[in-house]
Every structure is written in C-alpha cells, then in structure tokens.
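Asker: Once you've had a glance at the structure underneath, I'll fire off some questions.
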Amino acid sequence: MSAEPAVERVEEAEDGVRRVRGNDYRMLRPPERFTPELRVSVIVPAYGAQDKLDLVLQALARQTYPAELTEIIVVDNGSTPPLRLPEGTAARLVVCEQPGRAPARNAGLGEATGDVIHWLDSDVVLTPGAIEAHMRWHHTAPYLSVTGYIRFTSAPLPAVLPDDLEAAFEPAQPHAWLVGLVERTDGLTNNPIRPFSLHVGGATSVSARLVRAAGPMDDDLIVGQDTEMGYRLYQAGAVFVPEPQARAYHLGPTMRMRDQQRIDRVSHAFVADRIPAYQWLRTHPTRQWKVPNVTAVLDGTAGYETVRAGVDALLASTVTDLSVVLVGPWDTLDRDRRAPLKDPNLDLVLVHGHYEHESRVHLATTEEVHPSVPFVLRLPPGRVPGEDSLARLLALARAEGLGLIEVLPAEAPEGAVPARLERASSFARARLVARPGEPLDDAVAEVSGVRRVVAEEYGFGDEPGELLGRRAAYKARVQAQADAARLAKEAERLRGQVAKWRDEAARWRKSTVELRREVGTLRRQLRAAQRPQEGVRAVLARRMKRVLTGRTRG
C-alpha cells in the first residue's frame, strides 16, 4: 500500500448490498482510502516471450496493494523452452499443455483462491497503483467487473523495468476502441446495449463469485473468449466499470491490431452462436442458434388445445430467434396402445406427440433454460400472443432497460396470473442484492425497472388467432415494405411539388413587386407629363380672359 495508512472502511448500505440500476455504477463512489480485506488472484497465461514475462512480474512486485493479499499464478501454455520464474518472485508456475488462451486461463482459474480474479496478459505491464485501483471498486460491491486502461507501446524492451514507466514507454497509443466505447456511453452508465464488451482479458478483474456463477472460459472458441466470458458475466448480474487509474502498458501491438478484419471474421463466425445480444451478426431471418434470444416457458399439462394455442402462436411469431420449453411429467408417460381414447393422460400424450419432433420445442420435466438466454417469457395457460406481441415486448424492454414486463388483460380477475417477460441478467443481479425474505420482483424493480402493460394493447388474446405462417408473414412484411417504399416515393414527389409551388409563389411575389414598381413609375411619369399641359392651359385661359375683357370694355 501507499505510505499513508489506509483508515477508511467501506460501509455496507443500510438495506444490504448496494443496488446499482442497470450499469450506472456511479452511486457506489469507492473511497480513495480503504482497508484492504479481499484477496486477489492474478492469472497470467503465457506462451514464450520470457523477456516480456520478466517485466510483467517485476511490475507486479511493485504493486501498492498488499502482497499478502495478492496471489500470482503464471500458466505456461506449452512454451519451448519452458518458462521460468525469476528468483525471488512470489508467483507460482502452472503448466497447461492444451494450446490456447482459454485453456491456459482455466488452468490458472483452477488454482486460484482469491475473492477477485484479475486476468492479465503476459505482455501487459501494470503501473504500480493499478491493482489497488481495481480492488477499491471490489470492496464496494461483490458483483463488479473492472477494466483498466491499456496503452500500446512500441518502445524497445528494457532489460530491467525502469521506475518511470511513462518515460520508458511513451509515446504510446490508447486502446482506441475501449476509450470510444466508454465515451459514447457516458462511461457505460446510460443503459448501453453491450456493457460486457468492456471485459478485456488483458487487464480486467472480476468478482470470483461472478466467475463461479458464469463458469470458466469457453475453450471451444479460438478468439473472442474474453467477450463471450464477459457476456456470461453480464448474464450472472455483473456491473462493468472502466477505471482510468488502473493503467498499464501493452508491450507491442495485439494480434487484433495487426490484422483486425481477419480476426473479426474468425471471431464473428463463433460468437454469433453464443451471444444473442449480437443481433447484428444474426442476419438470417429463420435459422436457429445455440443460444436463442428468447425462451418461452409453458405448462405442458394445461390441456392439449390450450397448450397448442400458446405454442403455435409463439412458433408463428415474428420473433424467430426463440425456443419453447414445455414442462410436464413426460418421463412418466406410458401410452395406452389398445384404448387410447380412455387413456387418463391422453392430453399429455397428444402434446408430447405433437411437439416431440419440433426442433424449437423442448419437452422437459423441470424448467430448463440455457443460462445465456437473455429473455425468458413465462406464458400462463389461456394467454395467446399475437404475431408481433413478443417483438413489441422485447422492444419495450430494450428501450427502457426493463428487467420485467407483466402482461394482464384489462378486465383480469383478482389473482389472475400475468404473462411475464423477464430479463435474465436483471434477475441474476436481483438475487445478488435481495434482502432475506424480499420478493425478487421488488429487487428487480430497483436494479432494472418493472412495467405492467395491458394484454389487449400488445395483441394478446384468450383464443387462438389465424396463423399466417412464416411465408405469409414474410409476404406481408415484403408487401408492407413495398407499401412503405411507395409511400415514401409519393411523399418525396409531393415534397418536390410543394417545393416547386413555393418557387412559383416566390416568382409571383417577385413579379407583383416588380409590377407595383412599374405602375408607380408610370404614375409618376404621367403626373410629370400632365404638369406642363396644365401650365399651357392656364396661360391660354388667362389670355382668353384678357381678350374677352378688352372687347367687352370697347
């Protein structure tokens, strides 16, 4: 720690663990001075590059966070020659022969004992206060993922790490993508769509509790493991915090910086199947993915016609990135082959037979929802969604960052069960912060928000409607797009006509002004011409008067 003693202790909120709404972590306000209590495990996967690893370990030895609370695990991922640890280091060496960063990190994770897991690449040199800056946040809440700021240096490697890292490694380039993401989203606080993208494996620390909930890194992935892990942490309730005081230098450019387009090509091919939030990668209108965007859960015992009405309406929905779980005692069915009409479980048999081979319907004895599915729709018997009902609910949830939407008819009787669209990450967060005995929905209301909507306004009914089918829905959508294009073209034509009329009116106004000027000029000229004529008439009149007067006198 720094020379000045740390005396300030983070106090727990009166009602338990502090509750962050969405990703707006600003209410946590970590203190500059605090009493360190949490252990941190720094996991450093490495393959070759002994000279860089030596500098990384020297930087770890200079950290201001207490050494007795810091565990350093170096994972040799099959280096030739094998890596060695410098004499006197506090780090432990683990060997992982399976190639790849994800297996290496998982090997280190299996050895870690800390309250916080700090991922660190073997070519990232931390500034002395970096880990302390991370841990300051982790002492305020148990569900954080904190990422430091990396700068990329091309300076020659020193034999021994100098005291002044800035002098040795600057000028360096910032992590432009990360800085841009933080700036665009006001520090990731304004309801960002993908806050988990901040989970950069080279300089990120995560609550070990969250890591246990999310599971280890996916070693099936070649690249993109950090982002996919970040998504599962998000599903487990994580809040993502950028910490500018946690600074580090990356020794040389990354593989992505050297060849981003080719790396993205490989990454996108795999992560699209695993991260439903990347809807922009799921461009096919109907195909199914490993992790669907929505899973609907229904009671399979509610009666054949009732179950079929709900399931078929969902399968005909405009949301195709969807799976259905039908819960029922399917493992107990013993079909009566001789007298099927007298079978007491006939409705269950019919439901099972009707959907047994539908790939999007899973017949389960207990509720089974993949932990990476972002939205869960709980549809009670008798609630039949319209073709676009689910799409509208999803749009509302995303626009307002809602954790729960309840759907009830306008004239619902007392005690009626609503349909519910639940955001899995919000419920995971709520479980982390809920007080003993507190209804989970109340905690969800605080961490994300809850809305109640009228079923009829969102297209729900109590009777099955006409199912247009995907082809008819596609035709209707194409027709709607054509109509929209036609109307847009007509509107453009009318705008052009209006502009033409405005130009014409302007010309008329101009012509009117010019005519008025010409009339004024003519009038002035006429008056000027009339003045001499009036003078001549006056002279003649006087002369005539004198003549007539003289003759009269004579």
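In the structure tokens, chains take the letters A, B, ... in the order shown, each chain's residues start at 1, and ligands count up from 1 in the order shown.
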When you look at Ala213 (chain A) with a cut-off of 9 Å (counting only C-alpha atoms), what residues show up, excluding the ones that are within fewer than 6 positions of it in the same chain? I need them as a VMD selection string.
Answerer: chain A and resid 232 to 233 236
Asker: Using DSSP on the backbone coordinates, identify the residues of region 151-200 of chain A assigned to strand (DSSP E); present them as a PyMOL selection string.
Answerer: chain A and resi 151-153+172-174
Asker: Determine, counting only C-alpha atoms, which protein, DNA and RNA residues have an atom within 10 Å of an atom of Val407 (chain A); residues of the same chain fewer than 5 positions away are not included. Present the result as a list of chain:residue names.
Answerer: A:Leu379, A:Arg383, A:Leu393, A:Val417, A:Pro418, A:Ala419, A:Arg420, A:Leu421, A:Arg451, A:Arg452, A:Val453, A:Val454, A:Ala455, A:Glu456, A:Glu457, A:Tyr458, A:Phe460
Asker: List as a PyMOL selection string the protein and nucleic acid residues near region 241-255 of chain A, meaning an atom at most 8 Å away when only C-alpha atoms are counted, but skip any in the same chain fewer than 6 places from it.
Answerer: chain A and resi 25+52+123-127+129-134+144-155+157+169+182+187-188+198+203+263
Asker: Quick one: distance from CA of Leu363 (chain A) to CA of Val327 (chain A) in Å, one decimal?
Answerer: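 Separation of CA of Leu363 (chain A) and CA of Val327 (chain A): 6.2 Å.
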Asker: Which neighbours of region 99-109 of chain A fall inside 10 Å, counting only C-alpha atoms, when residues of the same chain fewer than 4 positions from it are skipped, and could you give them as a VMD selection string?
Answerer: chain A and resid 41 to 47 72 to 79 92 to 95 113 to 114 117 to 121 201 208 211 to 212 215 to 226 229
Asker: Could you list, as a PyMOL selection string, every residue within 12 Å of His352 (chain A), counting only C-alpha atoms and ignoring same-chain residues fewer than 3 positions away?
Answerer: chain A and resi 300-301+303-304+307-308+325-335+345-349+355-358+361-365
Asker: Include N, CA and C atoms and write out the residues we just selected as an mmCIF file, in the first residue's frame.
Answerer:
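Written out: out.cif:
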```cif
data_model
loop_
_atom_site.group_PDB
_atom_site.id
_atom_site.type_symbol
_atom_site.label_atom_id
_atom_site.label_comp_id
_atom_site.auth_asym_id
_atom_site.auth_seq_id
_atom_site.Cartn_x
_atom_site.Cartn_y
_atom_site.Cartn_z
ATOM 1 N N GLY A 300 -46.973 -27.689 -19.790
ATOM 2 C CA GLY A 300 -47.417 -28.676 -20.767
ATOM 3 C C GLY A 300 -48.600 -29.492 -20.331
ATOM 4 N N THR A 301 -49.041 -29.326 -19.081
ATOM 5 C CA THR A 301 -50.160 -30.127 -18.564
ATOM 6 C C THR A 301 -51.487 -29.382 -18.625
ATOM 7 N N GLY A 303 -53.623 -28.915 -20.905
ATOM 8 C CA GLY A 303 -54.617 -29.376 -21.873
ATOM 9 C C GLY A 303 -54.125 -29.183 -23.286
ATOM 10 N N TYR A 304 -54.402 -30.160 -24.121
ATOM 11 C CA TYR A 304 -53.843 -30.169 -25.479
ATOM 12 C C TYR A 304 -54.171 -28.900 -26.258
ATOM 13 N N VAL A 307 -52.505 -25.727 -24.653
ATOM 14 C CA VAL A 307 -51.061 -25.708 -24.868
ATOM 15 C C VAL A 307 -50.748 -25.406 -26.327
ATOM 16 N N ARG A 308 -51.462 -26.051 -27.213
ATOM 17 C CA ARG A 308 -51.188 -25.866 -28.631
ATOM 18 C C ARG A 308 -51.450 -24.422 -29.059
ATOM 19 N N VAL A 325 -39.971 -24.158 -24.024
ATOM 20 C CA VAL A 325 -39.829 -25.253 -23.068
ATOM 21 C C VAL A 325 -41.219 -25.599 -22.547
ATOM 22 N N LEU A 326 -41.626 -26.840 -22.777
ATOM 23 C CA LEU A 326 -42.896 -27.350 -22.254
ATOM 24 C C LEU A 326 -42.597 -28.242 -21.065
ATOM 25 N N VAL A 327 -43.065 -27.810 -19.887
ATOM 26 C CA VAL A 327 -42.767 -28.535 -18.651
ATOM 27 C C VAL A 327 -43.908 -29.498 -18.335
ATOM 28 N N GLY A 328 -43.567 -30.758 -18.122
ATOM 29 C CA GLY A 328 -44.574 -31.763 -17.810
ATOM 30 C C GLY A 328 -43.928 -33.080 -17.423
ATOM 31 N N PRO A 329 -44.697 -34.027 -16.909
ATOM 32 C CA PRO A 329 -44.144 -35.332 -16.491
ATOM 33 C C PRO A 329 -43.981 -36.282 -17.667
ATOM 34 N N TRP A 330 -43.201 -35.866 -18.655
ATOM 35 C CA TRP A 330 -43.080 -36.645 -19.889
ATOM 36 C C TRP A 330 -42.429 -38.001 -19.653
ATOM 37 N N ASP A 331 -41.589 -38.088 -18.614
ATOM 38 C CA ASP A 331 -40.896 -39.352 -18.360
ATOM 39 C C ASP A 331 -41.818 -40.411 -17.751
ATOM 40 N N THR A 332 -43.023 -40.005 -17.350
ATOM 41 C CA THR A 332 -43.955 -40.979 -16.749
ATOM 42 C C THR A 332 -44.976 -41.504 -17.745
ATOM 43 N N LEU A 333 -44.968 -41.001 -18.968
ATOM 44 C CA LEU A 333 -45.985 -41.404 -19.931
ATOM 45 C C LEU A 333 -45.807 -42.861 -20.353
ATOM 46 N N ASP A 334 -46.910 -43.560 -20.325
ATOM 47 C CA ASP A 334 -46.948 -44.949 -20.817
ATOM 48 C C ASP A 334 -48.196 -45.051 -21.685
ATOM 49 N N ARG A 335 -48.026 -44.860 -22.951
ATOM 50 C CA ARG A 335 -49.175 -44.739 -23.850
ATOM 51 C C ARG A 335 -50.001 -46.028 -23.886
ATOM 52 N N ASN A 345 -54.106 -39.973 -19.395
ATOM 53 C CA ASN A 345 -53.086 -38.980 -19.733
ATOM 54 C C ASN A 345 -53.132 -38.604 -21.214
ATOM 55 N N LEU A 346 -54.320 -38.715 -21.813
ATOM 56 C CA LEU A 346 -54.423 -38.513 -23.253
ATOM 57 C C LEU A 346 -53.915 -37.142 -23.685
ATOM 58 N N ASP A 347 -54.279 -36.080 -22.943
ATOM 59 C CA ASP A 347 -53.841 -34.747 -23.348
ATOM 60 C C ASP A 347 -52.317 -34.625 -23.317
ATOM 61 N N LEU A 348 -51.701 -35.215 -22.307
ATOM 62 C CA LEU A 348 -50.241 -35.196 -22.258
ATOM 63 C C LEU A 348 -49.649 -35.961 -23.431
ATOM 64 N N VAL A 349 -50.255 -37.086 -23.755
ATOM 65 C CA VAL A 349 -49.789 -37.890 -24.883
ATOM 66 C C VAL A 349 -49.891 -37.093 -26.180
ATOM 67 N N TYR A 355 -45.401 -32.292 -30.448
ATOM 68 C CA TYR A 355 -44.197 -31.449 -30.465
ATOM 69 C C TYR A 355 -42.901 -32.225 -30.288
ATOM 70 N N GLU A 356 -42.990 -33.541 -30.242
ATOM 71 C CA GLU A 356 -41.803 -34.352 -29.984
ATOM 72 C C GLU A 356 -40.693 -34.098 -30.997
ATOM 73 N N HIS A 357 -41.038 -33.815 -32.220
ATOM 74 C CA HIS A 357 -40.036 -33.663 -33.271
ATOM 75 C C HIS A 357 -39.920 -32.221 -33.780
ATOM 76 N N GLU A 358 -40.487 -31.287 -33.048
ATOM 77 C CA GLU A 358 -40.323 -29.866 -33.383
ATOM 78 C C GLU A 358 -39.020 -29.379 -32.751
ATOM 79 N N VAL A 361 -39.026 -26.801 -29.836
ATOM 80 C CA VAL A 361 -39.768 -27.114 -28.613
ATOM 81 C C VAL A 361 -39.025 -28.201 -27.853
ATOM 82 N N HIS A 362 -38.772 -27.921 -26.575
ATOM 83 C CA HIS A 362 -38.080 -28.880 -25.715
ATOM 84 C C HIS A 362 -39.053 -29.364 -24.647
ATOM 85 N N LEU A 363 -39.264 -30.670 -24.589
ATOM 86 C CA LEU A 363 -40.145 -31.274 -23.589
ATOM 87 C C LEU A 363 -39.309 -31.625 -22.364
ATOM 88 N N ALA A 364 -39.547 -30.903 -21.261
ATOM 89 C CA ALA A 364 -38.708 -31.044 -20.073
ATOM 90 C C ALA A 364 -39.555 -31.368 -18.857
ATOM 91 N N THR A 365 -39.000 -32.159 -17.962
ATOM 92 C CA THR A 365 -39.724 -32.488 -16.724
ATOM 93 C C THR A 365 -39.602 -31.369 -15.692
#
```
Asker: I need the residues in region 246-333 of chain A that are helix (DSSP H, G or I) according to DSSP; give them as JSON, numbers by chain.
Answerer: {"A": [255, 256, 257, 258, 260, 261, 262, 263, 264, 265, 266, 267, 268, 269, 270, 271, 272, 273, 274, 279, 280, 281, 304, 305, 306, 307, 308, 309, 310, 311, 312, 313, 314, 315, 330, 331, 332]}
Asker: Taking 3 positions as the minimum chain separation for residues in the same chain, which residues sit within 10 Å of Tyr65 (chain A) when counting only C-alpha atoms? Answer as a list in words.
Answerer: Met1, Ser2, Pro36, Arg39, Val40, Leu60, Ala61, Arg62, Glu68, Leu69, Thr70, Pro128, Gly129, Ala130, Ile131, Glu132, Ala133, His134, Met135 and Arg136 of chain A
Asker: May I ask for the distance between CA of Val239 (chain A) and CA of Gly22 (chain A), given in Å to one decimal place?
Answerer: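 Separating CA of Val239 (chain A) from CA of Gly22 (chain A) is a distance of 7.8 Å.
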Asker: Provide the CA of Ala269 (chain A) to CA of His175 (chain A) distance in Å, to one decimal place.
Answerer: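 Separation of CA of Ala269 (chain A) and CA of His175 (chain A): 24.0 Å.
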